[in-house]
Structure formats: structure tokens, C-alpha cells
$ cat run11.txt   # compact mmCIF, C-alpha atoms
# COMPACT_ATOMS: atom_id res chain seq x y z
CA MET A 1 0.00 0.00 0.00
CA THR A 2 1.42 3.38 -0.97
CA GLN A 3 1.91 5.68 1.99
CA VAL A 4 0.06 8.98 1.63
CA PRO A 5 2.45 11.84 2.45
CA LYS A 6 1.52 14.10 5.32
CA LYS A 7 0.13 17.49 4.41
CA PRO A 8 2.77 20.14 5.18
CA VAL A 9 2.02 22.41 8.12
CA ALA A 10 3.09 26.01 7.47
CA ALA A 11 5.50 27.43 10.06
CA ALA A 12 7.91 30.32 10.40
CA LEU A 13 11.28 31.04 12.00
CA VAL A 14 11.76 34.52 13.48
CA LEU A 15 15.06 35.79 14.88
CA GLU A 16 15.46 38.42 17.59
CA ASP A 17 16.55 40.98 14.97
CA GLY A 18 13.20 40.59 13.21
CA SER A 19 14.40 38.38 10.34
CA VAL A 20 11.64 36.03 9.14
CA PHE A 21 12.01 32.69 7.34
CA GLU A 22 9.06 30.70 6.03
CA GLY A 23 9.00 26.91 6.16
CA GLU A 24 7.04 23.88 7.28
CA LEU A 25 6.83 22.11 10.59
CA LEU A 26 8.65 18.79 11.01
CA GLY A 27 9.13 16.45 13.93
CA HIS A 28 7.24 17.27 17.12
CA GLN A 29 4.59 19.97 17.37
CA PRO A 30 6.11 22.46 19.84
CA GLU A 31 4.21 23.39 22.96
CA ASN A 32 2.00 26.46 22.39
CA GLY A 33 3.22 26.42 18.79
CA ILE A 34 6.65 27.84 19.69
CA ALA A 35 10.18 26.42 20.05
CA SER A 36 12.88 28.91 21.04
CA GLY A 37 16.61 28.96 21.73
CA GLU A 38 19.98 30.21 20.53
CA VAL A 39 20.32 29.57 16.79
CA VAL A 40 23.67 28.17 15.62
CA PHE A 41 24.79 26.43 12.42
CA ASN A 42 26.66 23.15 11.92
CA THR A 43 28.72 22.55 8.77
CA ALA A 44 29.04 18.74 9.01
CA MET A 45 27.98 16.96 5.82
CA THR A 46 26.95 13.77 7.65
CA GLY A 47 26.28 12.68 11.21
CA TYR A 48 23.00 14.52 11.79
CA GLN A 49 21.88 11.92 14.36
CA GLU A 50 25.06 12.29 16.41
CA VAL A 51 24.80 16.08 16.23
CA ILE A 52 21.18 16.14 17.34
CA THR A 53 21.87 13.87 20.32
CA ASP A 54 25.02 15.72 21.44
CA PRO A 55 24.28 17.17 24.93
CA SER A 56 26.50 20.17 24.12
CA TYR A 57 23.59 21.62 22.11
CA ALA A 58 21.44 22.15 25.21
CA GLY A 59 19.69 25.51 24.94
CA GLN A 60 20.36 25.79 21.21
CA ILE A 61 18.54 25.32 17.90
CA ILE A 62 20.72 23.49 15.37
CA THR A 63 20.83 24.69 11.76
CA PHE A 64 22.24 22.16 9.29
CA THR A 65 24.04 23.84 6.40
CA THR A 66 24.03 20.67 4.30
CA ALA A 67 21.01 20.71 1.99
CA HIS A 68 19.59 17.22 2.59
CA VAL A 69 19.13 15.70 6.04
CA GLY A 70 17.76 12.28 6.95
CA ASN A 71 18.67 10.44 3.75
CA TYR A 72 20.29 7.46 5.53
CA GLY A 73 17.82 7.25 8.41
CA VAL A 74 18.68 6.71 12.08
CA ASN A 75 19.65 3.80 14.33
CA GLY A 76 20.04 3.16 18.04
CA PHE A 77 23.85 2.78 17.98
CA ASP A 78 24.60 6.29 16.70
CA ASN A 79 22.89 8.18 19.54
CA GLU A 80 25.39 10.21 21.58
CA SER A 81 23.06 10.41 24.59
CA SER A 82 19.76 8.95 25.77
CA ARG A 83 17.83 11.85 24.26
CA PRO A 84 18.41 15.16 22.45
CA HIS A 85 18.96 18.21 24.66
CA ALA A 86 18.73 20.76 21.83
CA ARG A 87 15.68 23.02 21.61
CA GLY A 88 15.02 22.32 17.93
CA VAL A 89 16.38 21.64 14.44
CA ILE A 90 16.41 23.79 11.29
CA MET A 91 17.05 22.35 7.83
CA ARG A 92 16.57 22.95 4.13
CA ASP A 93 15.07 19.59 3.17
CA MET A 94 14.30 16.37 5.01
CA ALA A 95 14.69 13.30 2.80
CA ARG A 96 11.39 11.58 1.97
CA ARG A 97 13.11 8.17 1.84
CA ARG A 98 15.88 6.64 3.92
CA SER A 99 18.37 4.26 2.36
CA ASN A 100 21.12 2.55 4.38
CA TRP A 101 21.66 -1.00 5.60
CA ARG A 102 22.08 0.29 9.18
CA SER A 103 18.87 2.31 9.15
CA GLU A 104 16.22 1.33 11.71
CA ASN A 105 13.87 4.32 11.40
CA ASP A 106 13.51 7.68 9.71
CA LEU A 107 14.67 10.99 11.15
CA ASP A 108 11.21 12.51 11.43
CA ALA A 109 10.05 9.56 13.54
CA MET A 110 13.07 10.00 15.81
CA LEU A 111 12.29 13.69 16.28
CA ARG A 112 8.68 12.92 17.13
CA MET A 113 9.68 10.14 19.53
CA HIS A 114 11.94 12.51 21.47
CA LYS A 115 9.45 15.40 21.19
CA LEU A 116 11.99 17.56 19.36
CA PRO A 117 10.51 20.25 17.07
CA ALA A 118 12.02 20.93 13.65
CA ILE A 119 11.36 23.23 10.72
CA GLY A 120 12.19 22.51 7.09
CA GLY A 121 12.03 24.40 3.82
CA ILE A 122 14.24 27.13 5.31
CA ASP A 123 16.74 29.06 3.19
CA THR A 124 19.66 27.85 5.31
CA ARG A 125 22.22 29.64 3.12
CA ARG A 126 20.64 32.99 3.90
CA LEU A 127 20.30 32.06 7.58
CA THR A 128 23.94 30.94 7.84
CA ARG A 129 25.21 34.12 6.18
CA LEU A 130 23.13 36.16 8.61
CA LEU A 131 24.54 34.30 11.64
CA ARG A 132 28.09 34.69 10.31
CA ASP A 133 27.60 38.44 9.93
CA ARG A 134 25.73 39.14 13.16
CA GLY A 135 26.75 36.25 15.41
CA SER A 136 24.53 33.71 17.13
CA LEU A 137 21.01 35.04 17.58
CA GLN A 138 18.06 33.99 19.68
CA GLY A 139 15.24 32.64 17.57
CA ALA A 140 11.84 30.99 17.72
CA PHE A 141 9.94 28.86 15.23
CA GLY A 142 6.58 27.18 15.01
CA THR A 143 3.00 27.69 13.97
CA ALA A 144 2.37 30.75 16.16
CA SER A 145 2.07 34.21 14.59
CA GLU A 146 5.21 36.09 13.57
CA SER A 147 4.64 38.63 16.34
CA GLU A 148 4.38 35.85 18.93
CA LEU A 149 7.53 34.22 17.60
CA LEU A 150 9.40 37.54 17.70
CA THR A 151 8.35 38.04 21.32
CA ALA A 152 9.53 34.52 22.20
CA ALA A 153 12.89 35.12 20.49
CA SER A 154 13.32 38.48 22.21
CA ILE A 155 12.85 37.10 25.72
CA GLU A 156 14.99 33.99 25.16
CA LYS A 157 17.98 34.08 27.55
CA GLY A 158 20.46 32.22 25.37
CA THR A 159 23.50 30.41 26.75
CA SER A 160 25.48 33.29 28.30
CA GLY A 161 25.26 33.37 32.07
CA THR A 162 23.16 30.20 32.14
CA ASP A 163 24.01 26.91 33.86
CA LEU A 164 23.20 24.24 31.27
CA VAL A 165 25.52 21.52 32.56
CA SER A 166 23.25 20.70 35.51
CA SER A 167 20.50 19.79 33.03
CA VAL A 168 22.60 17.22 31.13
CA THR A 169 24.99 15.67 33.69
CA THR A 170 24.35 12.22 35.15
CA LYS A 171 22.55 12.13 38.47
CA LYS A 172 24.68 9.32 39.88
CA PRO A 173 28.00 7.59 39.03
CA TYR A 174 28.10 4.60 36.69
CA GLU A 175 30.78 2.42 35.07
CA TYR A 176 31.48 1.93 31.38
CA GLY A 177 33.88 -0.57 29.81
CA SER A 178 36.39 -2.92 31.39
CA GLY A 179 39.87 -1.79 30.38
CA LYS A 180 43.03 -2.22 32.47
CA LEU A 181 43.48 1.43 33.42
CA ARG A 182 41.00 3.24 35.66
CA VAL A 183 39.66 6.60 34.50
CA VAL A 184 37.15 8.90 36.14
CA ALA A 185 35.21 10.92 33.57
CA PHE A 186 33.45 14.10 34.64
CA ASP A 187 30.10 14.24 32.88
CA PHE A 188 29.59 17.85 31.82
CA GLY A 189 27.59 16.51 28.86
CA ILE A 190 29.64 13.50 27.82
CA LYS A 191 29.04 11.69 24.52
CA THR A 192 28.77 7.93 24.05
CA THR A 193 31.54 7.85 21.44
CA ILE A 194 33.95 9.39 23.98
CA LEU A 195 33.12 6.61 26.41
CA ARG A 196 33.71 4.01 23.69
CA CYS A 197 37.15 5.49 23.00
CA LEU A 198 38.10 5.55 26.68
CA ALA A 199 36.76 2.01 27.18
CA GLU A 200 39.29 0.71 24.66
CA PHE A 201 41.95 1.02 27.35
CA ALA A 202 40.19 1.81 30.64
CA THR A 203 37.38 1.02 33.02
CA VAL A 204 35.56 4.33 33.12
CA THR A 205 33.66 5.64 36.13
CA VAL A 206 31.40 8.45 34.94
CA VAL A 207 30.61 10.95 37.71
CA PRO A 208 28.30 13.97 38.03
CA ALA A 209 29.68 17.43 37.28
CA SER A 210 29.39 18.34 40.98
CA THR A 211 31.74 15.57 42.15
CA THR A 212 34.46 16.96 44.43
CA ALA A 213 38.22 16.55 44.23
CA THR A 214 38.14 14.81 47.62
CA GLN A 215 35.76 12.19 46.26
CA ILE A 216 37.98 11.61 43.22
CA GLN A 217 41.14 11.35 45.32
CA ALA A 218 39.46 8.71 47.48
CA MET A 219 39.15 6.48 44.38
CA SER A 220 41.94 4.38 42.93
CA VAL A 221 42.31 6.11 39.57
CA ASP A 222 45.00 6.46 36.93
CA GLY A 223 43.50 9.46 35.19
CA VAL A 224 40.69 11.99 35.07
CA PHE A 225 38.84 12.96 31.90
CA LEU A 226 37.04 16.32 31.61
CA SER A 227 34.26 15.99 29.06
CA ASN A 228 32.53 18.26 26.62
CA GLY A 229 29.34 20.04 27.62
CA PRO A 230 27.00 22.92 26.87
CA GLY A 231 26.99 26.62 27.59
CA ASP A 232 29.01 29.14 29.53
CA PRO A 233 32.02 27.60 31.34
CA LYS A 234 31.91 30.33 34.00
CA MET A 235 28.54 28.99 35.14
CA VAL A 236 29.87 25.52 36.04
CA LEU A 237 30.43 26.65 39.60
CA GLY A 238 32.89 24.72 41.72
CA ALA A 239 34.33 22.69 38.86
CA PRO A 240 37.50 24.79 38.31
CA ASP A 241 38.51 24.54 41.99
CA ASN A 242 37.98 20.78 41.98
CA ILE A 243 39.92 20.38 38.74
CA ARG A 244 42.89 22.34 40.07
CA GLN A 245 43.01 20.21 43.22
CA ILE A 246 42.91 17.05 41.10
CA VAL A 247 45.74 18.22 38.82
CA GLU A 248 47.87 19.38 41.74
CA SER A 249 47.43 16.00 43.42
CA GLY A 250 49.36 14.53 40.48
CA ILE A 251 46.54 12.68 38.70
CA ALA A 252 46.89 12.64 34.90
CA THR A 253 44.16 14.89 33.48
CA PHE A 254 42.83 15.23 29.92
CA GLY A 255 40.11 17.70 28.96
CA ILE A 256 38.20 18.39 25.77
CA CYS A 257 35.82 21.17 24.72
CA LEU A 258 34.11 22.47 27.90
CA GLY A 259 36.65 20.45 29.90
CA HIS A 260 39.40 22.43 28.15
CA GLN A 261 37.74 25.70 29.15
CA LEU A 262 37.25 24.59 32.75
CA LEU A 263 40.91 23.53 33.02
CA SER A 264 41.83 27.03 31.86
CA LEU A 265 39.57 28.63 34.48
CA ALA A 266 41.14 26.37 37.10
CA TYR A 267 44.49 28.03 36.44
CA GLY A 268 43.26 31.61 36.28
CA GLY A 269 42.65 31.72 32.55
CA GLY A 270 39.83 33.60 30.87
CA THR A 271 37.13 32.59 28.40
CA PHE A 272 35.02 34.55 25.94
CA LYS A 273 32.11 33.85 23.63
CA LEU A 274 32.84 33.43 19.94
CA PRO A 275 30.64 35.34 17.46
CA PHE A 276 28.95 32.24 16.03
CA GLY A 277 30.96 29.38 17.54
CA HIS A 278 32.65 26.41 15.92
CA HIS A 279 30.22 23.64 14.94
CA GLY A 280 31.08 21.00 12.35
CA GLY A 281 33.28 18.09 11.35
CA ASN A 282 35.67 19.91 9.04
CA HIS A 283 37.63 22.52 11.03
CA PRO A 284 41.40 22.72 10.35
CA VAL A 285 43.70 22.85 13.40
CA ARG A 286 47.49 23.09 13.42
CA ARG A 287 49.44 21.00 15.92
CA ILE A 288 52.22 23.41 16.80
CA ALA A 289 54.85 20.80 17.80
CA SER A 290 54.87 19.10 14.39
CA GLY A 291 53.15 21.61 12.11
CA THR A 292 50.66 18.90 11.18
CA VAL A 293 47.19 20.05 10.19
CA GLU A 294 44.31 18.02 11.62
CA ILE A 295 40.76 18.15 10.32
CA THR A 296 38.69 18.19 13.47
CA SER A 297 35.19 17.79 14.85
CA GLN A 298 34.06 20.82 16.87
CA ASN A 299 31.06 22.00 18.84
CA HIS A 300 31.49 24.99 21.14
CA ASN A 301 30.51 28.64 21.47
CA TYR A 302 33.18 29.70 23.97
CA CYS A 303 36.95 29.95 23.69
CA VAL A 304 39.98 30.21 25.98
CA ASP A 305 41.94 33.48 25.85
CA PRO A 306 45.55 32.34 25.19
CA ASP A 307 47.02 35.55 26.67
CA SER A 308 45.35 34.79 30.00
CA LEU A 309 47.47 31.63 30.27
CA SER A 310 50.83 33.33 29.76
CA GLY A 311 53.45 31.67 31.96
CA VAL A 312 50.93 29.05 33.10
CA ALA A 313 50.32 26.89 30.02
CA ASP A 314 51.83 26.27 26.60
CA ILE A 315 49.51 26.55 23.61
CA THR A 316 49.67 23.30 21.62
CA HIS A 317 47.04 23.76 18.88
CA ILE A 318 45.72 26.69 16.82
CA ASN A 319 42.53 26.96 14.77
CA LEU A 320 43.46 27.86 11.18
CA ASN A 321 40.12 29.52 10.44
CA ASP A 322 40.35 32.24 13.09
CA ASN A 323 43.66 31.62 14.95
CA THR A 324 41.89 30.86 18.24
CA ASN A 325 43.33 28.61 20.94
CA GLU A 326 42.57 24.93 20.31
CA GLY A 327 44.79 23.22 22.88
CA MET A 328 47.17 23.65 25.79
CA ARG A 329 49.39 21.84 28.25
CA ILE A 330 49.71 23.06 31.85
CA ARG A 331 53.32 23.71 32.80
CA ASN A 332 54.84 21.56 35.56
CA ALA A 333 51.70 19.43 35.70
CA ARG A 334 50.35 16.23 34.14
CA ALA A 335 47.43 17.92 32.44
CA PHE A 336 46.54 18.86 28.86
CA SER A 337 43.42 19.69 26.89
CA VAL A 338 42.02 20.52 23.47
CA GLN A 339 39.05 22.60 22.40
CA TYR A 340 37.81 20.10 19.83
CA HIS A 341 36.50 16.49 19.84
CA PRO A 342 39.15 13.77 19.30
CA GLU A 343 36.44 11.06 19.50
CA ALA A 344 34.88 12.59 16.36
CA GLY A 345 31.30 11.46 16.58
CA PRO A 346 30.72 12.53 13.84
CA GLY A 347 33.87 13.62 12.05
CA PRO A 348 37.38 12.58 10.98
CA HIS A 349 39.72 10.55 13.19
CA ASP A 350 42.81 12.75 12.73
CA SER A 351 42.96 13.53 16.46
CA ARG A 352 42.57 10.04 17.96
CA TYR A 353 46.28 10.13 18.87
CA LEU A 354 45.32 12.32 21.85
CA PHE A 355 43.94 9.25 23.63
CA ALA A 356 47.37 7.61 23.21
CA GLU A 357 48.94 10.69 24.80
CA PHE A 358 46.52 10.35 27.69
CA ILE A 359 47.51 6.71 28.12
CA ALA A 360 51.21 7.67 28.13
CA LEU A 361 50.57 10.34 30.74
CA MET A 362 48.78 7.84 32.96
CA MET A 363 51.52 5.23 32.54
CA GLU A 364 54.08 7.78 33.73
CA GLY A 365 52.26 7.79 37.04
CA LYS A 366 52.70 4.04 37.35

$ encode --input "run11.txt" --output "C-alpha cells"
Amino acid sequence: MTQVPKKPVAAALVLEDGSVFEGELLGHQPENGIASGEVVFNTAMTGYQEVITDPSYAGQIITFTTAHVGNYGVNGFDNESSRPHARGVIMRDMARRRSNWRSENDLDAMLRMHKLPAIGGIDTRRLTRLLRDRGSLQGAFGTASESELLTAASIEKGTSGTDLVSSVTTKKPYEYGSGKLRVVAFDFGIKTTILRCLAEFATVTVVPASTTATQIQAMSVDGVFLSNGPGDPKMVLGAPDNIRQIVESGIATFGICLGHQLLSLAYGGGTFKLPFGHHGGNHPVRRIASGTVEITSQNHNYCVDPDSLSGVADITHINLNDNTNEGMRIRNARAFSVQYHPEAGPGPHDSRYLFAEFIALMMEGK
């Protein structure tokens, strides 16, 4: 029996500056006809399921710059968390058919299952150019009137000055994997692919973001991993003090993304918000020690000020798009971090060597 396509439901996207985009509603019908959040764009060509389920997008609406989304469906293995934490999804076109041997369902069904609103038919090229020119903007989309959507976008708080980590971190510790080394991973919004990478060599104890240094030191651990996560690093209160105590106790420490920013704050560094962030699986980064260029997976809106770490840390990686800090190593300490995602879910595997460096650092302690 031929499936009758659903009749499109007209919807609109309105940004806080008054820009209006017409489209059609996809996924879940938002409550009161409105979904709002900070609008950002992601330049990855594939990996839409991993992007949507990345906890680092809490508080944000994801715009996919690639024209077609959903063409290879979705499956249970590729989820990066138990549910999406984003506020919504914006796209040009959602594929009407899925075709892949791993596919278990279609994207629209996944969005509806997780009650995640989406809007399609949007001129994402125009939207991306606007965000590049003006920076990340608050926005709202849905079936409400344009004036109601503008009001919702105008009162949206965004990610600055907001604690988003508490909404995504685990409520209680749990173990993952059964490797020989023992690693404690702070869950600031950790992804499943990161845990899979760590589990290749370690038994991982995942702990809430509020876990204290005293609690960590009471465990028998070889290393501490500081995960990715959403929002403003300055709002993860208490974490920098705990991280500094852990590093100064001599435990090997490796941070990525938000973990990189929190390690910087732990040593008196500063952070600032980027105009439109780095989101995608194709960002070039130079490894200063070798001059090698890595193509990296990135998802962050904040950055570490390299000048604030003068005399405290050595910068190890530089973003070739905007020359921002992408990595550092704390002087006279067994701690290093990068701003990007070496687990690359999705993205290239150029940076997987960083896990080997973490292993070497832990073995030094033995």
C-alpha cells in the first residue's frame, strides 16, 4: 500500500533581529506552537543523528548547512546520549526516503519520539550568512504568529550566564567498559563515542559534574577525563577549583571542549564567547609541535583566551580559520586539553592520537 504523504504544516522562524524565514513544521509539534533557543549552524555533511543527540547543544537550535538531512535514516547505535537536549532543528530539506543497511527508522520519527521540534524548507544559506555576519542570535519557530515568535525570540535568555551543565549531567555515578586502566570521567555533557574510545583502554567511572576533588582522590584512579558540555564555562560553579586540586594531586588529566575551558579557568585563565561558535566536522587545526594540520570535529561557542594563560600553560594547537586557541598543556603538571573532539562522533579521526597521549601520561604515574 502506498503511503500517503503528510500534508505540510506552514510554520515560520523569526530571529530576535526581526528576520523572518518561512518553512514547514517537522518532527514534534512544539508546545504552544513555539520552540525557542539560541540559533547556531553546523557545517558537518553527515552525522546529523550524532549532532542532534550531542548534549552540548542544550539551549540551542541546530541549523544544518548541508542541503539534505535524513537520507540514511537513524539507528540506536549512533545516539550520543539517551535523548536530544537541543531546543530544535532547522534544515533545508528532510529526505522523503531513507536508504542505508544500518537504518532502523527515519529521522522525522526520531524527532517525534523525542518530542523535538524541527522546521524545514528554510533558506539555510541565507540564515547561515546572517549568523556569520551578526553572530549567534536567539530565535523561535513554530505555527504561532510572527509577532508571537518575535516576542519569544526576544525574551529567550540564550546560553550566556546560564548553567546548562546541571540539566545534562548524570545524576549518579556509573561504570562503562572494562579496560586495564581506571579513568574517572566528569560528565559535563559526555558523549557515548567518547566513552567508547576511553573504554578501549580503561574502566571508566562516569561521575556527576558536581563531584568533588576529595571524592575523586578517594578512588583508585590512573586518570581523570574532563568531558565536553554545553553553555558558559563560568557557570559551572565549583568545577575549576575541583579540577585544580585534582591536577595538583598529580593525577593525569585530559580535557576536551568544555573540559578544556574549565581547566583554563582552574588556572586563572579567561574565556570569551565566539561570534557564532565552531560547529562542524571539518575545522582545520594546526598541531604546533609538528606543524601537522588536523581536520577536526568541533562544537562549542566559547573559547579560551591564550594571553590569560601566559606563563601558566603552553599553547599546543591553533585553529586555522580564526587563529583561536585549540589546545594547551599546563606547565609543571600532568594535564593537557584541546578545544575540539578527538572522538569525532561525527567527524574525521585525525585527532585520535590524543587518547594515546593520555595513556602515556597515565603510565608515567605508574

$ residues_around --input "run11.txt" --residues "range 326-334 of chain A" --least-positions-apart "3" --cutoff "6 Å" --atoms "only C-alpha atoms" --output "list in words"
Ala252, Val312, Ala313, Asp314, Ile315, Thr316, His317, Ile318, Asn319, Ser337, Val338 and Gln339 of chain A

$ write_last_selection --input "run11.txt" --atoms "C-alpha atoms" --output "compact mmCIF listing (two decimals), in the coordinates of the input"
# COMPACT_ATOMS: atom_id res chain seq x y z
CA ALA A 252 46.89 12.64 34.90
CA VAL A 312 50.93 29.05 33.10
CA ALA A 313 50.32 26.89 30.02
CA ASP A 314 51.83 26.27 26.60
CA ILE A 315 49.51 26.55 23.61
CA THR A 316 49.67 23.30 21.62
CA HIS A 317 47.04 23.76 18.88
CA ILE A 318 45.72 26.69 16.82
CA ASN A 319 42.53 26.96 14.77
CA SER A 337 43.42 19.69 26.89
CA VAL A 338 42.02 20.52 23.47
CA GLN A 339 39.05 22.60 22.40

$ atom_distance --input "run11.txt" --atom1 "CA of Ser103 in chain A" --atom2 "CA of Asn75 in chain A"
5.4 Å

$ closest_residue --input "run11.txt" --among "A:Thr124, A:Tyr267, A:Gly70, A:Asn325" --to "Gly311 in chain A" --atoms "only C-alpha atoms"
A:Tyr267

$ atom_distance --input "run11.txt" --atom1 "CA of His278 in chain A" --atom2 "CA of Arg92 in chain A"
20.2 Å

$ atom_distance --input "run11.txt" --atom1 "CA of Glu50 in chain A" --atom2 "CA of Pro117 in chain A"
16.6 Å

$ residues_around --input "run11.txt" --residues "Val168 in chain A" --least-positions-apart "2" --cutoff "7 Å" --atoms "all atoms listed in the file" --output "list in words"
Pro55, Val165, Ser166, Thr170 and Gly189 of chain A

$ closest_residue --input "run11.txt" --among "A:Val206, A:Ala58, A:Ala140, A:Val39" --to "Ala12 in chain A" --atoms "all atoms listed in the file"
A:Ala140

$ build_atoms --input "run11.txt" --residues "range 250-265 of chain A" --atoms "N, CA, C and O atoms" --output "compact mmCIF listing (two decimals), keeping the file's coordinate frame"
# COMPACT_ATOMS: atom_id res chain seq x y z
N GLY A 250 48.50 15.36 41.32
CA GLY A 250 49.36 14.53 40.48
C GLY A 250 48.64 13.56 39.57
O GLY A 250 49.27 12.78 38.86
N ILE A 251 47.31 13.58 39.56
CA ILE A 251 46.54 12.68 38.70
C ILE A 251 46.56 13.18 37.26
O ILE A 251 46.31 14.36 37.00
N ALA A 252 46.89 12.28 36.32
CA ALA A 252 46.89 12.64 34.90
C ALA A 252 45.50 13.12 34.49
O ALA A 252 44.50 12.46 34.77
N THR A 253 45.44 14.27 33.81
CA THR A 253 44.16 14.89 33.48
C THR A 253 44.13 15.29 32.01
O THR A 253 45.06 15.91 31.51
N PHE A 254 43.03 14.93 31.34
CA PHE A 254 42.83 15.23 29.92
C PHE A 254 41.44 15.83 29.75
O PHE A 254 40.45 15.26 30.15
N GLY A 255 41.39 17.03 29.16
CA GLY A 255 40.11 17.70 28.96
C GLY A 255 39.85 18.00 27.50
O GLY A 255 40.79 18.25 26.74
N ILE A 256 38.58 17.99 27.12
CA ILE A 256 38.20 18.39 25.77
C ILE A 256 37.04 19.37 25.85
O ILE A 256 36.24 19.34 26.78
N CYS A 257 36.96 20.27 24.88
CA CYS A 257 35.82 21.17 24.72
C CYS A 257 35.54 21.96 26.01
O CYS A 257 36.37 22.74 26.44
N LEU A 258 34.39 21.77 26.65
CA LEU A 258 34.11 22.47 27.90
C LEU A 258 35.14 22.11 28.96
O LEU A 258 35.54 22.95 29.77
N GLY A 259 35.61 20.86 28.96
CA GLY A 259 36.65 20.45 29.90
C GLY A 259 37.92 21.25 29.72
O GLY A 259 38.62 21.57 30.69
N HIS A 260 38.25 21.58 28.48
CA HIS A 260 39.40 22.43 28.15
C HIS A 260 39.21 23.82 28.75
O HIS A 260 40.13 24.40 29.35
N GLN A 261 38.03 24.36 28.62
CA GLN A 261 37.74 25.70 29.15
C GLN A 261 37.79 25.71 30.67
O GLN A 261 38.30 26.65 31.28
N LEU A 262 37.26 24.66 31.29
CA LEU A 262 37.25 24.59 32.75
C LEU A 262 38.66 24.40 33.31
O LEU A 262 38.99 24.94 34.37
N LEU A 263 39.51 23.66 32.61
CA LEU A 263 40.91 23.53 33.02
C LEU A 263 41.60 24.88 32.97
O LEU A 263 42.40 25.23 33.85
N SER A 264 41.29 25.68 31.96
CA SER A 264 41.83 27.03 31.86
C SER A 264 41.38 27.90 33.04
O SER A 264 42.19 28.59 33.67
N LEU A 265 40.08 27.85 33.35
CA LEU A 265 39.57 28.63 34.48
C LEU A 265 40.21 28.18 35.79
O LEU A 265 40.43 28.99 36.69
